[in-house]
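The structure file entry_4.cif is reproduced below (mmCIF, C-alpha atoms).
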```cif
data_upload
loop_
_atom_site.group_PDB
_atom_site.id
_atom_site.type_symbol
_atom_site.label_atom_id
_atom_site.label_comp_id
_atom_site.auth_asym_id
_atom_site.auth_seq_id
_atom_site.Cartn_x
_atom_site.Cartn_y
_atom_site.Cartn_z
ATOM 1 C CA MET A 1 131.553 128.930 35.856
ATOM 2 C CA GLY A 2 130.784 125.487 37.244
ATOM 3 C CA PRO A 3 127.405 123.794 37.347
ATOM 4 C CA ALA A 4 124.825 125.042 39.824
ATOM 5 C CA GLU A 5 124.935 123.449 43.278
ATOM 6 C CA SER A 6 122.290 120.841 43.964
ATOM 7 C CA ALA A 7 119.506 121.767 46.392
ATOM 8 C CA THR A 8 119.366 118.182 47.646
ATOM 9 C CA PRO A 9 120.130 118.016 51.428
ATOM 10 C CA LEU A 10 123.444 116.447 52.438
ATOM 11 C CA CYS A 11 122.986 112.765 53.217
ATOM 12 C CA VAL A 12 125.016 110.357 55.258
ATOM 13 C CA GLY A 13 126.902 108.264 52.720
ATOM 14 C CA ALA A 14 125.805 110.496 49.805
ATOM 15 C CA SER A 15 127.673 109.971 46.545
ATOM 16 C CA ILE A 16 130.753 112.175 46.253
ATOM 17 C CA PRO A 17 132.283 112.940 42.856
ATOM 18 C CA GLY A 18 134.851 110.289 42.179
ATOM 19 C CA GLY A 19 133.580 108.091 45.016
ATOM 20 C CA ASP A 20 131.467 104.972 45.222
ATOM 21 C CA ALA A 21 129.338 105.647 48.302
ATOM 22 C CA GLN A 22 125.616 105.312 47.785
ATOM 23 C CA ARG A 23 123.011 107.866 48.745
ATOM 24 C CA SER A 24 121.234 107.060 52.046
ATOM 25 C CA ALA A 25 119.164 108.870 54.690
ATOM 26 C CA PRO A 26 119.456 112.677 55.108
ATOM 27 C CA LEU A 27 121.945 113.840 57.733
ATOM 28 C CA PHE A 28 119.262 116.019 59.321
ATOM 29 C CA PRO A 29 116.104 113.936 59.806
ATOM 30 C CA SER A 30 112.688 115.484 59.595
ATOM 31 C CA VAL A 31 111.518 117.323 62.707
ATOM 32 C CA PHE A 32 108.849 115.418 64.666
ATOM 33 C CA PRO A 33 105.543 117.244 64.960
ATOM 34 C CA SER A 34 105.233 119.181 68.198
ATOM 35 C CA ARG A 35 102.836 118.083 70.936
ATOM 36 C CA THR A 36 99.387 119.523 70.933
ATOM 37 C CA PRO A 37 98.389 122.003 73.657
ATOM 38 C CA ALA A 38 96.094 119.353 75.113
ATOM 39 C CA GLN A 39 98.987 116.860 75.383
ATOM 40 C CA GLU A 40 101.245 119.434 77.016
ATOM 41 C CA THR A 41 98.511 120.326 79.506
ATOM 42 C CA ARG A 42 97.988 116.670 80.368
ATOM 43 C CA GLU A 43 101.728 116.067 80.857
ATOM 44 C CA LYS A 44 101.953 119.103 83.117
ATOM 45 C CA GLN A 45 99.017 117.835 85.169
ATOM 46 C CA VAL A 46 100.747 114.461 85.610
ATOM 47 C CA ARG A 47 104.000 116.140 86.700
ATOM 48 C CA ASP A 48 102.160 118.434 89.104
ATOM 49 C CA LYS A 49 100.204 115.555 90.609
ATOM 50 C CA ARG A 50 103.361 113.498 91.181
ATOM 51 C CA ARG A 51 105.097 116.512 92.708
ATOM 52 C CA GLN A 52 102.134 117.050 95.059
ATOM 53 C CA THR A 53 102.104 113.345 95.968
ATOM 54 C CA LEU A 54 105.819 113.412 96.829
ATOM 55 C CA TYR A 55 105.240 116.522 98.944
ATOM 56 C CA THR A 56 102.401 114.753 100.799
ATOM 57 C CA ILE A 57 104.635 111.752 101.470
ATOM 58 C CA GLU A 58 107.425 113.944 102.860
ATOM 59 C CA ARG A 59 104.995 115.928 104.985
ATOM 60 C CA THR A 60 103.534 112.706 106.380
ATOM 61 C CA TYR A 61 106.998 111.373 107.216
ATOM 62 C CA THR A 62 107.529 114.562 109.217
ATOM 63 C CA LEU A 63 104.288 113.910 111.118
ATOM 64 C CA LEU A 64 105.424 110.344 111.731
ATOM 65 C CA LEU A 65 108.674 111.557 113.307
ATOM 66 C CA GLU A 66 106.744 114.054 115.419
ATOM 67 C CA VAL A 67 104.534 111.241 116.738
ATOM 68 C CA LYS A 68 107.640 109.221 117.606
ATOM 69 C CA ASP A 69 109.031 112.219 119.497
ATOM 70 C CA ILE A 70 105.771 112.590 121.428
ATOM 71 C CA GLU A 71 105.871 108.918 122.402
ATOM 72 C CA LYS A 72 109.395 109.339 123.754
ATOM 73 C CA LYS A 73 108.467 112.517 125.597
ATOM 74 C CA PHE A 74 105.392 110.831 127.076
ATOM 75 C CA LEU A 75 107.574 108.620 129.271
ATOM 76 C CA GLN A 76 109.618 111.570 130.517
ATOM 77 C CA VAL A 77 106.974 114.119 131.534
ATOM 78 C CA PRO A 78 104.919 114.201 134.756
ATOM 79 C CA GLU A 79 101.678 112.252 134.654
ATOM 80 C CA SER A 80 99.669 115.479 134.766
ATOM 81 C CA GLU A 81 101.040 116.502 131.346
ATOM 82 C CA ARG A 82 100.384 113.198 129.624
ATOM 83 C CA PRO A 83 96.702 113.709 128.670
ATOM 84 C CA ALA A 84 97.636 116.822 126.673
ATOM 85 C CA LEU A 85 100.391 114.911 124.870
ATOM 86 C CA LEU A 86 97.954 112.120 124.017
ATOM 87 C CA GLU A 87 95.603 114.653 122.448
ATOM 88 C CA VAL A 88 98.416 116.083 120.340
ATOM 89 C CA ARG A 89 99.419 112.583 119.277
ATOM 90 C CA LYS A 90 95.815 111.747 118.384
ATOM 91 C CA ALA A 91 95.524 114.882 116.231
ATOM 92 C CA LYS A 92 98.753 114.126 114.363
ATOM 93 C CA ILE A 93 97.717 110.536 113.679
ATOM 94 C CA ALA A 94 94.403 111.821 112.346
ATOM 95 C CA GLN A 95 96.363 114.076 109.989
ATOM 96 C CA ILE A 96 98.550 111.148 108.925
ATOM 97 C CA TYR A 97 95.430 109.159 108.048
ATOM 98 C CA GLU A 98 93.946 112.061 106.104
ATOM 99 C CA ASN A 99 97.222 112.480 104.214
ATOM 100 C CA LEU A 100 97.092 108.805 103.217
ATOM 101 C CA ARG A 101 93.444 108.462 102.297
ATOM 102 C CA GLY A 102 92.729 112.027 101.238
ATOM 103 C CA LYS A 103 89.745 114.050 102.393
ATOM 104 C CA GLN A 104 86.823 111.669 102.145
ATOM 105 C CA SER A 105 83.527 113.087 100.933
ATOM 106 C CA ASP A 106 80.152 111.445 100.481
ATOM 107 C CA ARG A 107 81.719 109.520 97.586
ATOM 108 C CA PRO A 108 85.057 108.220 98.879
ATOM 109 C CA SER A 109 87.774 107.697 96.295
ATOM 110 C CA ASP A 110 90.947 105.589 96.329
ATOM 111 C CA GLU A 111 92.703 107.749 93.723
ATOM 112 C CA HIS A 112 94.759 109.790 96.227
ATOM 113 C CA PHE A 113 95.845 106.689 98.142
ATOM 114 C CA VAL A 114 96.741 104.799 94.944
ATOM 115 C CA GLN A 115 98.957 107.705 93.847
ATOM 116 C CA ILE A 116 100.873 107.396 97.137
ATOM 117 C CA MET A 117 101.098 103.611 96.890
ATOM 118 C CA CYS A 118 102.479 103.774 93.349
ATOM 119 C CA ILE A 119 105.654 105.319 94.795
ATOM 120 C CA GLY A 120 108.094 103.103 96.712
ATOM 121 C CA LYS A 121 108.522 105.596 99.535
ATOM 122 C CA GLY A 122 104.744 105.838 99.833
ATOM 123 C CA LYS A 123 104.435 102.079 100.331
ATOM 124 C CA ARG A 124 107.149 102.145 103.008
ATOM 125 C CA LEU A 125 105.362 105.008 104.715
ATOM 126 C CA THR A 126 102.082 103.086 104.733
ATOM 127 C CA ALA A 127 103.820 100.058 106.247
ATOM 128 C CA ARG A 128 105.219 102.220 109.065
ATOM 129 C CA VAL A 129 102.007 104.034 109.981
ATOM 130 C CA LEU A 130 99.530 101.127 109.799
ATOM 131 C CA GLY A 131 100.351 100.092 113.364
ATOM 132 C CA MET A 132 99.693 103.633 114.635
ATOM 133 C CA LEU A 133 96.205 103.896 113.201
ATOM 134 C CA GLY A 134 93.082 102.750 114.962
ATOM 135 C CA THR A 135 91.521 99.516 113.741
ATOM 136 C CA GLU A 136 88.829 101.297 111.706
ATOM 137 C CA GLN A 137 91.311 103.643 110.017
ATOM 138 C CA ALA A 138 93.846 100.885 109.364
ATOM 139 C CA SER A 139 91.065 98.689 107.946
ATOM 140 C CA SER A 140 90.130 101.451 105.516
ATOM 141 C CA VAL A 141 93.744 101.585 104.300
ATOM 142 C CA LEU A 142 93.921 97.807 103.956
ATOM 143 C CA LEU A 143 90.598 97.619 102.098
ATOM 144 C CA ALA A 144 91.800 100.257 99.631
ATOM 145 C CA THR A 145 94.986 98.237 99.140
ATOM 146 C CA ALA A 146 92.995 95.055 98.494
ATOM 147 C CA ARG A 147 90.655 96.755 96.006
ATOM 148 C CA ASN A 148 93.546 98.135 93.988
ATOM 149 C CA LEU A 149 96.085 95.347 94.434
ATOM 150 C CA PRO A 150 96.376 94.288 90.750
ATOM 151 C CA LEU A 151 97.323 97.851 89.771
ATOM 152 C CA LEU A 152 99.641 98.261 92.761
ATOM 153 C CA ALA A 153 101.303 94.932 91.962
ATOM 154 C CA ARG A 154 102.036 96.053 88.385
ATOM 155 C CA LYS A 155 103.512 99.314 89.622
ATOM 156 C CA ASP A 156 105.595 97.379 92.170
ATOM 157 C CA SER A 157 107.072 94.869 89.713
ATOM 158 C CA GLN A 158 110.530 96.483 89.757
ATOM 159 C CA ASP A 159 110.820 97.858 93.298
ATOM 160 C CA GLU A 160 109.042 94.949 95.064
ATOM 161 C CA VAL A 161 108.256 97.066 98.126
ATOM 162 C CA LEU A 162 104.747 95.662 98.702
ATOM 163 C CA PRO A 163 106.060 92.761 100.869
ATOM 164 C CA SER A 164 107.097 95.375 103.458
ATOM 165 C CA LEU A 165 103.364 95.636 104.232
ATOM 166 C CA THR A 166 103.100 91.954 105.136
ATOM 167 C CA GLU A 167 103.945 92.190 108.848
ATOM 168 C CA PRO A 168 101.708 95.162 109.759
ATOM 169 C CA CYS A 169 98.856 93.773 107.640
ATOM 170 C CA THR A 170 99.150 90.355 109.286
ATOM 171 C CA HIS A 171 98.941 91.982 112.712
ATOM 172 C CA LEU A 172 95.913 94.008 111.623
ATOM 173 C CA VAL A 173 94.084 91.008 110.178
ATOM 174 C CA SER A 174 94.502 89.193 113.495
ATOM 175 C CA ARG A 175 92.512 92.005 115.175
ATOM 176 C CA LEU A 176 89.645 92.228 112.695
ATOM 177 C CA PRO A 177 86.140 91.178 113.717
ATOM 178 C CA SER A 178 84.446 88.605 111.531
ATOM 179 C CA ALA A 179 82.364 91.092 109.500
ATOM 180 C CA ALA A 180 85.440 93.158 108.620
ATOM 181 C CA LEU A 181 87.365 89.991 107.753
ATOM 182 C CA THR A 182 84.614 88.924 105.355
ATOM 183 C CA GLU A 183 84.589 92.348 103.686
ATOM 184 C CA LEU A 184 88.370 92.248 103.286
ATOM 185 C CA LEU A 185 88.239 88.800 101.651
ATOM 186 C CA GLN A 186 85.546 90.059 99.291
ATOM 187 C CA GLN A 187 87.524 93.154 98.296
ATOM 188 C CA LEU A 188 90.673 91.089 97.723
ATOM 189 C CA THR A 189 89.082 88.341 95.649
ATOM 190 C CA GLU A 190 86.221 90.011 93.773
ATOM 191 C CA GLY A 191 87.019 92.543 91.096
ATOM 192 C CA PRO A 192 86.866 93.214 87.362
ATOM 193 C CA GLY A 193 88.698 91.021 84.892
ATOM 194 C CA ASN A 194 91.538 88.921 86.283
ATOM 195 C CA HIS A 195 91.579 90.681 89.663
ATOM 196 C CA PHE A 196 91.848 87.549 91.818
ATOM 197 C CA PHE A 197 94.265 85.842 89.431
ATOM 198 C CA SER A 198 96.560 88.885 89.717
ATOM 199 C CA VAL A 199 96.381 88.614 93.508
ATOM 200 C CA LEU A 200 97.455 84.979 93.378
ATOM 201 C CA GLN A 201 100.433 85.887 91.176
ATOM 202 C CA ASN A 202 101.740 88.482 93.633
ATOM 203 C CA LYS A 203 103.844 87.569 96.692
ATOM 204 C CA PHE A 204 102.195 90.097 98.990
ATOM 205 C CA GLY A 205 98.725 89.436 97.567
ATOM 206 C CA LEU A 206 98.916 85.673 98.035
ATOM 207 C CA THR A 207 100.339 86.048 101.549
ATOM 208 C CA LEU A 208 97.516 88.433 102.514
ATOM 209 C CA PHE A 209 94.950 86.048 101.024
ATOM 210 C CA TYR A 210 96.303 83.114 103.034
ATOM 211 C CA THR A 211 96.425 85.269 106.171
ATOM 212 C CA ILE A 212 92.748 86.181 105.846
ATOM 213 C CA LEU A 213 91.730 82.544 105.377
ATOM 214 C CA SER A 214 93.903 81.501 108.322
ATOM 215 C CA GLN A 215 92.321 84.094 110.612
ATOM 216 C CA GLY A 216 88.885 82.943 109.493
ATOM 217 C CA GLU A 217 89.770 79.389 110.489
ATOM 218 C CA ARG A 218 90.966 80.612 113.905
ATOM 219 C CA LEU A 219 87.668 82.396 114.451
ATOM 220 C CA GLN A 220 85.717 79.309 113.409
ATOM 221 C CA VAL A 221 87.377 77.126 116.024
ATOM 222 C CA SER A 222 87.221 79.751 118.764
ATOM 223 C CA GLU A 223 84.434 80.552 121.173
ATOM 224 C CA THR A 224 83.441 83.513 119.003
ATOM 225 C CA ALA A 225 82.887 81.334 115.937
ATOM 226 C CA SER A 226 79.109 81.608 115.845
ATOM 227 C CA GLU A 227 79.054 84.990 114.061
ATOM 228 C CA LEU A 228 81.384 83.904 111.264
ATOM 229 C CA MET A 229 79.763 80.484 110.900
ATOM 230 C CA GLN A 230 76.395 82.166 110.406
ATOM 231 C CA ASP A 231 77.746 84.591 107.803
ATOM 232 C CA ASN A 232 76.699 83.184 104.447
ATOM 233 C CA ARG A 233 78.935 85.668 102.648
ATOM 234 C CA TRP A 234 82.065 84.202 104.244
ATOM 235 C CA THR A 235 81.043 80.644 103.338
ATOM 236 C CA GLU A 236 80.179 81.584 99.751
ATOM 237 C CA LEU A 237 83.443 83.485 99.323
ATOM 238 C CA VAL A 238 85.571 80.613 100.615
ATOM 239 C CA PHE A 239 83.731 78.147 98.367
ATOM 240 C CA ALA A 240 84.353 80.454 95.391
ATOM 241 C CA VAL A 241 88.067 81.001 96.036
ATOM 242 C CA THR A 242 88.578 77.295 96.693
ATOM 243 C CA ARG A 243 87.139 76.481 93.267
ATOM 244 C CA GLU A 244 89.494 79.040 91.713
ATOM 245 C CA LEU A 245 92.495 77.570 93.525
ATOM 246 C CA LEU A 246 91.620 74.128 92.159
ATOM 247 C CA ARG A 247 91.516 75.543 88.616
ATOM 248 C CA VAL A 248 94.562 77.819 88.608
ATOM 249 C CA PRO A 249 97.851 76.240 87.421
ATOM 250 C CA GLN A 250 100.380 75.704 90.173
ATOM 251 C CA ALA A 251 103.037 77.536 88.147
ATOM 252 C CA SER A 252 100.889 80.683 88.207
ATOM 253 C CA LEU A 253 100.939 80.956 92.006
ATOM 254 C CA ALA A 254 103.462 83.262 93.649
ATOM 255 C CA THR A 255 105.628 82.070 96.534
ATOM 256 C CA PRO A 256 104.104 83.463 99.750
ATOM 257 C CA SER A 257 106.183 85.039 102.504
ATOM 258 C CA PHE A 258 104.906 82.349 104.847
ATOM 259 C CA MET A 259 102.353 79.545 104.889
ATOM 260 C CA PRO A 260 99.788 79.477 107.731
ATOM 261 C CA ALA A 261 99.697 76.064 109.347
ATOM 262 C CA ASN A 262 95.897 75.808 109.538
ATOM 263 C CA LEU A 263 94.973 76.223 105.862
ATOM 264 C CA LEU A 264 94.581 72.487 105.314
ATOM 265 C CA ALA A 265 92.084 72.377 108.177
ATOM 266 C CA LEU A 266 90.160 75.288 106.632
ATOM 267 C CA PHE A 267 89.904 73.728 103.176
ATOM 268 C CA SER A 268 88.789 70.421 104.700
ATOM 269 C CA HIS A 269 85.452 72.104 105.555
ATOM 270 C CA TYR A 270 84.772 72.920 101.906
ATOM 271 C CA VAL A 271 86.080 70.084 99.711
ATOM 272 C CA ASP A 272 86.153 66.299 99.693
ATOM 273 C CA ARG A 273 89.262 64.262 100.427
ATOM 274 C CA GLN A 274 90.291 63.962 96.774
ATOM 275 C CA ARG A 275 90.196 67.727 96.149
ATOM 276 C CA LEU A 276 91.839 68.366 99.495
ATOM 277 C CA THR A 277 94.768 66.235 98.372
ATOM 278 C CA VAL A 278 95.008 68.276 95.164
ATOM 279 C CA LEU A 279 95.077 71.522 97.161
ATOM 280 C CA GLU A 280 97.607 70.114 99.597
ATOM 281 C CA SER A 281 99.953 69.254 96.736
ATOM 282 C CA LYS A 282 99.343 72.395 94.653
ATOM 283 C CA LEU A 283 99.721 74.876 97.512
ATOM 284 C CA GLY A 284 102.472 72.958 99.274
ATOM 285 C CA LEU A 285 100.454 72.825 102.477
ATOM 286 C CA GLY A 286 102.491 69.943 103.797
ATOM 287 C CA LEU A 287 105.803 71.664 103.086
ATOM 288 C CA SER A 288 107.758 74.061 105.261
ATOM 289 C CA VAL A 289 107.366 77.418 103.476
ATOM 290 C CA ASN A 290 108.075 79.535 106.543
ATOM 291 C CA PRO A 291 105.025 78.036 108.310
ATOM 292 C CA ARG A 292 103.075 80.028 110.887
#
```
Taking this structure as input, can you express it in the form of structure tokens?
Amino acid sequence: MGPAESATPLCVGASIPGGDAQRSAPLFPSVFPSRTPAQETREKQVRDKRRQTLYTIERTYTLLLEVKDIEKKFLQVPESERPALLEVRKAKIAQIYENLRGKQSDRPSDEHFVQIMCIGKGKRLTARVLGMLGTEQASSVLLATARNLPLLARKDSQDEVLPSLTEPCTHLVSRLPSAALTELLQQLTEGPGNHFFSVLQNKFGLTLFYTILSQGERLQVSETASELMQDNRWTELVFAVTRELLRVPQASLATPSFMPANLLALFSHYVDRQRLTVLESKLGLGLSVNPR
């Protein structure tokens, strides 16, 4: 009777009688420890939340199409039926807004909206509905975007869908009163850590930033300038962001979708000629980067 068989597990490259192969790792590696119940619960919650977010996006797209159908029907029905259609349209747009922002309580949260904006289809949806919303509702959406832009930019690094928001946001900014414009600039530029630096590194973020400054300059030179000129918050914010722009390396700035033509005039109110020349060179204010 031959020698007893070894209890050692079979290994890849294990020595075979008469052979020269050396023993190496076992053919069947050790089993990884299973996840804890808490980990499995958390993973299920994440999956469920994403599934619910996707469902909300699809449901809101359906509402969007229904609004489009109402707008087409509006032109075809007798004038006596139009007020009822407008009420239906108003109700559906209110539902669209609630789907985007979530049900707002006494302590509003951006979490629901951020979940939607972390999905490419959600960003495209937001871009399509912004123009339908009233100024106050659309401003709420834009403020939430500005507050959370560093996170949204990181989530958008592969898809690069955020620039699809540029056109509707530019149109909205052009309609904002001075107080709302100041609040938007504050939300976009003030935040924890490297919030503003992250904005400057993002194509959509930098374009939105320039758009806000450009609209502020338009208001300052218009007949309605007095309110903005008397707003110390606006002046302090522009001084602060101008100092940051002078410090940030040119290589760290994203390439904006377009360059407003009046930015040089705006900065001339806040810096001397030497610093203005630095900004002009660093930001390419004298160059044709799709000027507006």
Report as a short mmCIF file (atom, residue, chain, number, x, y, z; two decimals) with C-alpha atoms, in the frame of the given file the full result of the PyMOL selection byres ((chain A and resi 141-144) around 9) when it is applied to this structure.
```cif
data_model
loop_
_atom_site.label_atom_id
_atom_site.label_comp_id
_atom_site.auth_asym_id
_atom_site.auth_seq_id
_atom_site.Cartn_x
_atom_site.Cartn_y
_atom_site.Cartn_z
CA TYR A 97 95.43 109.16 108.05
CA LEU A 100 97.09 108.80 103.22
CA ARG A 101 93.44 108.46 102.30
CA ASP A 110 90.95 105.59 96.33
CA PHE A 113 95.84 106.69 98.14
CA VAL A 114 96.74 104.80 94.94
CA THR A 126 102.08 103.09 104.73
CA LEU A 130 99.53 101.13 109.80
CA GLU A 136 88.83 101.30 111.71
CA GLN A 137 91.31 103.64 110.02
CA ALA A 138 93.85 100.88 109.36
CA SER A 139 91.06 98.69 107.95
CA SER A 140 90.13 101.45 105.52
CA THR A 145 94.99 98.24 99.14
CA ALA A 146 93.00 95.06 98.49
CA ARG A 147 90.66 96.76 96.01
CA ASN A 148 93.55 98.14 93.99
CA LEU A 149 96.08 95.35 94.43
CA CYS A 169 98.86 93.77 107.64
CA LEU A 172 95.91 94.01 111.62
CA GLU A 183 84.59 92.35 103.69
CA LEU A 184 88.37 92.25 103.29
CA GLN A 187 87.52 93.15 98.30
CA LEU A 188 90.67 91.09 97.72
#
```
Residue among A:Ala251, A:Ser257, A:Val241, A:Leu176 lying closest to Pro163 of chain A, counting all atoms listed in the file:
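The shortest atom-to-atom distance to Pro163 of chain A comes from A:Ser257.
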Answer key for the PyMOL selection byres ((chain A and resi 279) around 10), residues as a PDB file with C-alpha atoms, in the frame of the given file:
```pdb
ATOM      1  CA  THR A 242      88.578  77.295  96.693  1.00  0.00           C
ATOM      2  CA  LEU A 245      92.495  77.570  93.525  1.00  0.00           C
ATOM      3  CA  LEU A 246      91.620  74.128  92.159  1.00  0.00           C
ATOM      4  CA  GLN A 250     100.380  75.704  90.173  1.00  0.00           C
ATOM      5  CA  LEU A 263      94.973  76.223 105.862  1.00  0.00           C
ATOM      6  CA  LEU A 264      94.581  72.487 105.314  1.00  0.00           C
ATOM      7  CA  PHE A 267      89.904  73.728 103.176  1.00  0.00           C
ATOM      8  CA  SER A 268      88.789  70.421 104.700  1.00  0.00           C
ATOM      9  CA  VAL A 271      86.080  70.084  99.711  1.00  0.00           C
ATOM     10  CA  ARG A 273      89.262  64.262 100.427  1.00  0.00           C
ATOM     11  CA  GLN A 274      90.291  63.962  96.774  1.00  0.00           C
ATOM     12  CA  ARG A 275      90.196  67.727  96.149  1.00  0.00           C
ATOM     13  CA  LEU A 276      91.839  68.366  99.495  1.00  0.00           C
ATOM     14  CA  THR A 277      94.768  66.235  98.372  1.00  0.00           C
ATOM     15  CA  VAL A 278      95.008  68.276  95.164  1.00  0.00           C
ATOM     16  CA  GLU A 280      97.607  70.114  99.597  1.00  0.00           C
ATOM     17  CA  SER A 281      99.953  69.254  96.736  1.00  0.00           C
ATOM     18  CA  LYS A 282      99.343  72.395  94.653  1.00  0.00           C
ATOM     19  CA  LEU A 283      99.721  74.876  97.512  1.00  0.00           C
ATOM     20  CA  GLY A 284     102.472  72.958  99.274  1.00  0.00           C
ATOM     21  CA  LEU A 285     100.454  72.825 102.477  1.00  0.00           C
TER      22      LEU A 285
END
```
Quick one: pull the distance between atom CA of Gln95 of chain A and atom CA of Lys44 of chain A, Å, one decimal.
27.9 Å
Length of the atom CA of Ile116 of chain A to atom CA of Ala94 of chain A vector [Å]
17.1 Å
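Coordinates place atom CA of Lys203 of chain A at a distance of 10.6 Å from atom CA of Val161 of chain A.
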